[in-house]
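Peer 1: Sending over my_file_13.cif (mmCIF, C-alpha atoms).
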```cif
data_entry
loop_
_atom_site.label_atom_id
_atom_site.label_comp_id
_atom_site.auth_asym_id
_atom_site.auth_seq_id
_atom_site.Cartn_x
_atom_site.Cartn_y
_atom_site.Cartn_z
CA MET A 37 -29.30 42.10 -32.06
CA ILE A 38 -28.82 40.31 -28.74
CA GLU A 39 -26.45 41.44 -26.00
CA TYR A 40 -25.16 39.29 -23.14
CA GLN A 41 -23.54 40.45 -19.93
CA ASN A 42 -20.51 38.74 -18.44
CA TRP A 43 -21.51 35.75 -16.37
CA GLU A 44 -20.02 33.39 -13.81
CA ALA A 45 -21.24 29.82 -14.23
CA GLU A 46 -21.72 29.12 -10.55
CA ASN A 47 -23.80 32.28 -9.94
CA ILE A 48 -26.51 31.86 -12.57
CA ASN A 49 -29.86 30.10 -12.44
CA VAL A 50 -29.25 27.56 -15.18
CA LYS A 51 -32.90 26.96 -16.02
CA ASP A 52 -33.65 30.69 -16.36
CA GLU A 53 -30.54 31.20 -18.45
CA LEU A 54 -31.47 28.33 -20.78
CA GLN A 55 -34.99 29.69 -21.15
CA LYS A 56 -33.55 33.07 -22.14
CA LEU A 57 -31.28 31.39 -24.67
CA LEU A 58 -34.25 29.46 -26.06
CA ASP A 59 -36.26 32.65 -26.47
CA ASP A 60 -33.32 34.47 -28.04
CA GLY A 61 -32.58 31.53 -30.33
CA LYS A 62 -36.08 31.67 -31.79
CA LYS A 63 -35.31 35.21 -33.02
CA PHE A 64 -32.67 33.93 -35.42
CA THR A 65 -33.85 33.17 -38.94
CA TYR A 66 -32.21 32.30 -42.22
CA ASP A 67 -32.28 36.00 -43.05
CA ASN A 68 -30.38 37.30 -39.99
CA PHE A 69 -28.05 34.55 -38.73
CA ALA A 70 -25.29 35.20 -41.27
CA ARG A 71 -23.84 37.57 -43.86
CA PHE A 72 -24.67 36.62 -47.41
CA GLY A 73 -22.54 36.68 -50.52
CA GLY A 74 -23.36 37.80 -54.03
CA HIS A 75 -24.89 34.45 -54.94
CA GLY A 76 -27.37 34.61 -52.07
CA TYR A 77 -25.73 32.00 -49.85
CA PRO A 78 -24.46 32.58 -46.28
CA ILE A 79 -20.71 33.23 -46.17
CA ALA A 80 -20.11 33.97 -42.44
CA PHE A 81 -22.03 33.87 -39.16
CA THR A 82 -22.95 37.18 -37.58
CA MET A 83 -21.20 38.10 -34.35
CA GLU A 84 -24.52 37.81 -32.49
CA TYR A 85 -25.13 34.26 -33.72
CA VAL A 86 -21.62 33.16 -32.81
CA GLY A 87 -22.04 34.62 -29.33
CA TRP A 88 -25.38 32.89 -28.86
CA LYS A 89 -24.06 29.49 -29.95
CA THR A 90 -20.97 29.84 -27.78
CA LYS A 91 -22.99 30.55 -24.68
CA VAL A 92 -25.40 27.70 -25.39
CA ARG A 93 -22.50 25.25 -25.67
CA ALA A 94 -20.77 26.59 -22.55
CA ILE A 95 -23.83 26.34 -20.28
CA LEU A 96 -24.97 22.94 -21.55
CA GLU A 97 -21.47 21.50 -21.22
CA LEU A 98 -21.07 22.91 -17.71
CA GLN A 99 -24.42 21.56 -16.57
CA PHE A 100 -24.54 18.17 -18.29
CA GLY A 101 -20.98 17.30 -19.27
CA LEU A 102 -19.04 17.17 -22.52
CA ASN A 103 -20.01 13.54 -23.20
CA SER A 104 -23.73 13.89 -22.51
CA GLN A 105 -26.44 13.14 -25.06
CA ILE A 106 -27.33 16.83 -25.12
CA MET A 107 -23.82 17.78 -26.22
CA SER A 108 -23.99 15.00 -28.80
CA ASP A 109 -26.93 16.81 -30.38
CA ILE A 110 -24.91 20.03 -30.44
CA GLU A 111 -22.09 18.22 -32.25
CA LYS A 112 -24.58 16.97 -34.85
CA ALA A 113 -25.56 20.58 -35.52
CA GLU A 114 -21.94 21.58 -36.03
CA LYS A 115 -21.46 18.89 -38.69
CA ILE A 116 -24.19 20.31 -40.91
CA GLY A 117 -22.80 22.53 -43.66
CA VAL A 118 -24.65 25.74 -42.88
CA ILE A 119 -22.18 28.22 -44.37
CA GLY A 120 -22.60 28.03 -48.12
CA GLY A 121 -25.69 25.87 -47.69
CA ARG A 122 -29.36 26.32 -48.37
CA ASN A 123 -31.97 27.44 -45.88
CA GLU A 124 -32.92 23.88 -44.92
CA HIS A 125 -29.36 23.35 -43.69
CA PHE A 126 -29.74 26.29 -41.31
CA PHE A 127 -33.10 25.07 -40.01
CA GLN A 128 -31.66 21.59 -39.47
CA ALA A 129 -28.65 22.79 -37.50
CA HIS A 130 -30.51 25.49 -35.60
CA GLY A 131 -33.21 22.97 -34.70
CA HIS A 132 -30.58 20.78 -33.02
CA TYR A 133 -29.49 23.75 -30.91
CA LEU A 134 -33.02 24.70 -29.88
CA GLY A 135 -33.88 21.08 -29.17
CA ALA A 136 -30.80 20.67 -26.97
CA ILE A 137 -31.74 23.75 -24.95
CA LEU A 138 -35.33 22.54 -24.53
CA ALA A 139 -34.10 19.10 -23.44
CA GLY A 140 -31.82 20.76 -20.90
CA ILE A 141 -34.72 22.69 -19.40
CA ASP A 142 -36.84 19.53 -19.23
CA LEU A 143 -34.06 17.57 -17.53
CA ILE A 144 -33.62 20.23 -14.87
CA ASP A 145 -37.39 20.12 -14.22
CA PHE A 146 -37.28 16.33 -14.10
CA ASN A 147 -34.47 16.32 -11.53
CA PRO A 148 -34.41 19.73 -9.78
CA GLY A 149 -31.99 18.49 -7.15
CA LYS A 150 -29.33 17.66 -9.71
CA THR A 151 -25.85 18.72 -8.72
CA SER A 152 -23.73 20.82 -11.03
CA ASN A 153 -21.38 19.09 -13.44
CA LYS A 154 -18.42 20.28 -11.36
CA GLU A 155 -19.85 18.60 -8.25
CA GLN A 156 -20.60 15.43 -10.21
CA MET A 157 -17.00 15.22 -11.39
CA ILE A 158 -15.70 15.64 -7.84
CA ILE A 159 -18.04 12.98 -6.43
CA SER A 160 -17.20 10.51 -9.23
CA ASN A 161 -13.51 10.98 -8.44
CA ARG A 162 -12.67 8.15 -6.02
CA LYS A 163 -9.18 9.44 -5.29
CA ILE A 164 -8.41 11.01 -1.92
CA PHE A 165 -5.18 12.89 -1.29
CA ILE A 166 -3.25 12.42 1.96
CA VAL A 167 -1.15 15.42 2.98
CA HIS A 168 1.33 14.27 5.62
CA GLY A 169 4.45 15.12 7.53
CA HIS A 170 6.84 12.75 9.34
CA ASP A 171 4.27 10.60 11.16
CA ASP A 172 4.41 7.49 8.98
CA LEU A 173 2.19 5.47 11.33
CA LEU A 174 -0.70 7.93 11.06
CA LYS A 175 -0.18 8.20 7.30
CA ASN A 176 -0.35 4.42 6.88
CA GLN A 177 -3.42 4.18 9.10
CA ILE A 178 -5.48 6.71 7.13
CA GLU A 179 -4.25 5.19 3.88
CA ASN A 180 -5.49 1.76 4.94
CA LEU A 181 -8.78 3.18 6.18
CA ILE A 182 -9.43 4.86 2.81
CA LYS A 183 -8.67 1.58 1.02
CA SER A 184 -11.10 -0.24 3.29
CA PHE A 185 -13.82 2.14 2.06
CA GLY A 186 -13.14 1.11 -1.53
CA LEU A 187 -11.52 4.44 -2.36
CA GLU A 188 -8.06 5.24 -3.72
CA PRO A 189 -5.60 7.07 -1.43
CA ILE A 190 -3.00 9.28 -3.08
CA VAL A 191 0.29 9.61 -1.21
CA LEU A 192 2.61 11.77 -3.28
CA HIS A 193 5.91 9.99 -2.61
CA ARG A 194 4.38 6.68 -3.71
CA GLU A 195 3.57 8.05 -7.17
CA PRO A 196 6.12 8.00 -10.04
CA ASP A 197 8.22 11.15 -10.46
CA GLU A 198 8.26 11.07 -14.31
CA GLY A 199 11.00 13.69 -14.31
CA LYS A 200 8.69 16.30 -12.83
CA THR A 201 9.56 18.87 -10.19
CA VAL A 202 7.85 18.45 -6.82
CA ILE A 203 5.26 21.15 -7.55
CA GLU A 204 4.55 19.70 -11.01
CA LYS A 205 4.06 16.27 -9.51
CA PHE A 206 1.83 17.70 -6.80
CA GLU A 207 -0.34 19.52 -9.35
CA LYS A 208 -0.74 16.35 -11.41
CA TYR A 209 -1.85 14.14 -8.53
CA SER A 210 -4.00 16.75 -6.78
CA ASP A 211 -6.91 15.96 -9.10
CA VAL A 212 -8.92 14.36 -6.30
CA GLY A 213 -12.35 14.66 -4.71
CA TYR A 214 -11.29 14.96 -1.08
CA ALA A 215 -8.17 15.57 1.00
CA PHE A 216 -7.03 14.53 4.46
CA ILE A 217 -4.49 16.81 6.08
CA LEU A 218 -2.33 15.23 8.78
CA LEU A 219 -1.12 17.91 11.18
CA THR A 220 1.51 16.27 13.33
CA PRO A 221 4.16 17.82 15.63
CA ASP A 222 7.16 17.56 13.30
CA ASP A 223 8.83 20.96 13.83
CA TYR A 224 9.60 23.32 16.70
CA GLY A 225 8.86 26.99 16.18
CA TYR A 226 8.35 30.26 17.99
CA ASP A 227 7.56 33.92 17.33
CA VAL A 228 10.54 36.13 16.52
CA THR A 229 9.95 38.06 19.75
CA GLU A 230 10.85 34.90 21.66
CA ALA A 231 14.36 34.84 20.20
CA SER A 232 15.76 37.28 22.74
CA LYS A 233 14.58 35.16 25.66
CA GLU A 234 16.51 32.39 27.31
CA GLU A 235 15.80 29.10 25.62
CA SER A 236 14.13 27.67 28.71
CA LYS A 237 11.70 30.62 28.82
CA ARG A 238 10.72 30.67 25.15
CA ASN A 239 7.13 29.84 24.20
CA ILE A 240 7.96 27.02 21.81
CA GLU A 241 5.19 25.61 19.62
CA LEU A 242 4.85 22.19 18.03
CA ARG A 243 4.18 22.76 14.34
CA ALA A 244 3.42 20.81 11.20
CA ARG A 245 5.83 20.85 8.29
CA GLN A 246 5.64 23.93 6.05
CA ASN A 247 4.74 21.86 3.00
CA VAL A 248 1.77 20.45 4.92
CA ILE A 249 0.42 23.92 5.68
CA PHE A 250 0.89 24.97 2.04
CA GLU A 251 -0.98 21.93 0.73
CA PHE A 252 -3.65 22.42 3.41
CA GLY A 253 -4.48 25.86 2.03
CA TYR A 254 -4.23 24.65 -1.56
CA PHE A 255 -6.87 21.96 -1.12
CA ALA A 256 -9.15 24.18 0.98
CA GLY A 257 -9.21 26.60 -1.93
CA LYS A 258 -9.45 24.01 -4.70
CA LEU A 259 -12.01 21.60 -3.24
CA GLY A 260 -13.88 23.75 -0.76
CA ARG A 261 -13.72 23.52 3.01
CA ASN A 262 -16.29 20.71 3.23
CA ARG A 263 -13.99 18.45 1.21
CA VAL A 264 -10.98 18.85 3.46
CA CYS A 265 -10.60 17.05 6.78
CA CYS A 266 -7.74 17.85 9.15
CA LEU A 267 -6.57 15.03 11.42
CA HIS A 268 -4.28 16.42 14.07
CA LYS A 269 -2.27 15.15 16.99
CA SER A 270 -2.63 16.67 20.45
CA GLY A 271 -0.53 19.78 21.07
CA VAL A 272 0.20 20.68 17.47
CA LYS A 273 -0.37 24.33 16.52
CA LEU A 274 -3.49 24.68 14.35
CA PRO A 275 -3.69 27.31 11.59
CA THR A 276 -5.46 30.48 12.75
CA ASP A 277 -6.90 31.53 9.38
CA LEU A 278 -8.48 28.31 8.11
CA HIS A 279 -11.86 28.34 9.80
CA GLY A 280 -14.79 26.15 8.78
CA ILE A 281 -12.52 23.16 8.15
CA ILE A 282 -13.36 19.79 9.69
CA TYR A 283 -10.84 19.14 12.49
CA LYS A 284 -10.53 15.79 14.28
CA GLU A 285 -8.01 15.13 17.02
CA ILE A 286 -6.30 11.74 16.89
CA HIS A 287 -5.06 10.42 20.21
CA ASN A 288 -3.78 6.94 19.36
CA ASP A 289 -5.18 5.37 16.20
CA VAL A 290 -7.04 6.91 13.25
CA ASN A 291 -9.61 4.12 13.49
CA GLU A 292 -10.98 5.76 16.63
CA LYS A 293 -12.41 8.35 14.21
CA GLY A 294 -13.28 5.78 11.52
CA LEU A 295 -17.04 6.12 11.85
CA GLU A 296 -16.87 9.93 11.83
CA ILE A 297 -14.65 9.87 8.73
CA PHE A 298 -17.06 7.44 7.07
CA LYS A 299 -19.95 9.86 7.74
CA GLU A 300 -18.00 12.85 6.39
CA LEU A 301 -17.27 11.08 3.10
CA LYS A 302 -20.87 9.90 2.76
CA ALA A 303 -22.11 13.43 3.44
CA VAL A 304 -20.29 14.82 0.38
CA GLY A 305 -21.65 12.09 -1.89
CA TYR A 306 -19.20 9.20 -1.85
CA ASP A 307 -20.62 5.73 -2.49
CA ILE A 308 -18.44 3.84 -0.01
CA LYS A 309 -18.03 0.09 -0.33
CA ILE A 310 -17.41 -1.71 2.98
#
```
Could the structure of this file be written out as structure tokens, please?

Peer 2:
Amino acid sequence: MIEYQNWEAENINVKDELQKLLDDGKKFTYDNFARFGGHGYPIAFTMEYVGWKTKVRAILELQFGLNSQIMSDIEKAEKIGVIGGRNEHFFQAHGHYLGAILAGIDLIDFNPGKTSNKEQMIISNRKIFIVHGHDDLLKNQIENLIKSFGLEPIVLHREPDEGKTVIEKFEKYSDVGYAFILLTPDDYGYDVTEASKEESKRNIELRARQNVIFEFGYFAGKLGRNRVCCLHKSGVKLPTDLHGIIYKEIHNDVNEKGLEIFKELKAVGYDIKI
């Protein structure tokens, strides 16, 4: 009856998609939403109706959140005994679905600038991860600055291990809304072609720890480049393939960039308390 193409949530116009679902939903009646048994009662939903309901739930949950009033109406529909029930049971449950879709369209019209549910979850997350190397002073400075903004810094070694491996622990505590990457000159390194040269003639670079570079890329991919800020010391080698990231050079104290950091966090939606 109704066919849907594959879709990616972040690439659709939510209002248009909801309107299409509303129009399609009106095509379902008591006569075509299910297969009927010998006694004239519905015994199983049709594949088309299941697909329609699934997509309605997925889009509404993505846009408004699992605990929203709209999803509460969807749950009410699911509690009505439609299979094996009379036609009024179908109209009751289906009415909840159509009403939820219509409410979703109205809410988008009421607040067209509304961020996606994914963005809302990130902004409401007051935790900020600090990726660091061996510069404890810089780490402590940015940690204190984040606390002064009323936010919660996450420094991995300060969190309980709980018997987890390092990567398991990292994955657990990486559920944050922003990340600061501290690139400090902790390691010496050089290109393999330099190995044949005398040590005094080698082009030696000051590099950050390997784990720092790994976590740098991880957060750039997970949060987006606008939610990652790299604080680096003078002379340290910067990654060549991570463009579009916010880079700030720290000469002495992180507080010299305090106002800039404040503005960056405000720009992505943080309600900072100072």

Peer 1: Can you list, as a PyMOL selection string, every protein, DNA or RNA residue that comes within 10 Å of stretch 255-262 of chain A when you count all atoms listed in the file, leaving out same-chain residues fewer than 2 positions away?

Peer 2: chain A and resi 155+158+165+167+210-217+250-253+264-265+278-282+300-301+303-304

Peer 1: Keeping only C-alpha atoms, write those residues as a tab-separated table (two decimals), in the frame of the given file.

Peer 2:
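Saved as again-v2.tsv:
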```tsv
chain	number	residue	atom	x	y	z
A	155	GLU	CA	-19.85	18.60	-8.25
A	158	ILE	CA	-15.70	15.64	-7.84
A	165	PHE	CA	-5.18	12.89	-1.29
A	167	VAL	CA	-1.15	15.42	2.98
A	210	SER	CA	-4.00	16.75	-6.78
A	211	ASP	CA	-6.91	15.96	-9.10
A	212	VAL	CA	-8.92	14.36	-6.30
A	213	GLY	CA	-12.35	14.66	-4.71
A	214	TYR	CA	-11.29	14.96	-1.08
A	215	ALA	CA	-8.17	15.57	1.00
A	216	PHE	CA	-7.03	14.53	4.46
A	217	ILE	CA	-4.49	16.81	6.08
A	250	PHE	CA	0.89	24.97	2.04
A	251	GLU	CA	-0.98	21.93	0.73
A	252	PHE	CA	-3.65	22.42	3.41
A	253	GLY	CA	-4.48	25.86	2.03
A	264	VAL	CA	-10.98	18.85	3.46
A	265	CYS	CA	-10.60	17.05	6.78
A	278	LEU	CA	-8.48	28.31	8.11
A	279	HIS	CA	-11.86	28.34	9.80
A	280	GLY	CA	-14.79	26.15	8.78
A	281	ILE	CA	-12.52	23.16	8.15
A	282	ILE	CA	-13.36	19.79	9.69
A	300	GLU	CA	-18.00	12.85	6.39
A	301	LEU	CA	-17.27	11.08	3.10
A	303	ALA	CA	-22.11	13.43	3.44
A	304	VAL	CA	-20.29	14.82	0.38
```

Peer 1: Which residues, written as a PyMOL selection string, have at least one atom at most 7 Å from stretch 289-293 of chain A, with all atoms listed in the file counted and residues fewer than 5 positions away on the same chain left out?

Peer 2: chain A and resi 174+177-178

Peer 1: So which residues touch A:Gly131 within 12 Å, counting all atoms listed in the file, skipping near sequence neighbours fewer than 4 positions away, as a list of chain:residue names?

Peer 2: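 So, after excluding close chain neighbours, the residues are A:Leu58, A:Gly61, A:Lys62, A:Phe64, A:Thr65, A:Asp109, A:Ile110, A:Lys112, A:Ala113, A:Glu114, A:Ile116, A:Glu124, A:His125, A:Phe126, A:Phe127, A:Gly135, A:Ala136, A:Ile137, A:Leu138, A:Ala139.
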
Peer 1: Expand the PyMOL selection byres ((chain A and resi 56) around 12) into the individual residues it matches in the shown file, reporting them as JSON, numbers by chain.

Peer 2: {"A": [38, 39, 40, 48, 49, 50, 51, 52, 53, 54, 55, 57, 58, 59, 60, 61, 62, 63, 88, 91, 92, 95, 134, 137, 138, 141]}

Peer 1: Please compute the atom CA of A:Glu195-atom CA of A:Ile308 distance, one decimal, in Å.

Peer 2: 23.5 Å

Peer 1: Enumerate, in order of chain and increasing residue number, the residues of stretch 106-204 of chain A with an atom no farther than 7 Å from stretch 73-85 of chain A, each with its shortest atom pair and distance in Å to one decimal, counting all atoms listed in the file, as a tab-separated table.

Peer 2:
```
residue	atom	partner	partner_atom	distance
A:Ile119	CA	A:Pro78	CA	5.3
A:Gly120	CA	A:Pro78	CA	5.2
A:Gly121	CA	A:Tyr77	CA	6.5
A:Arg122	CA	A:Tyr77	CA	6.9
```
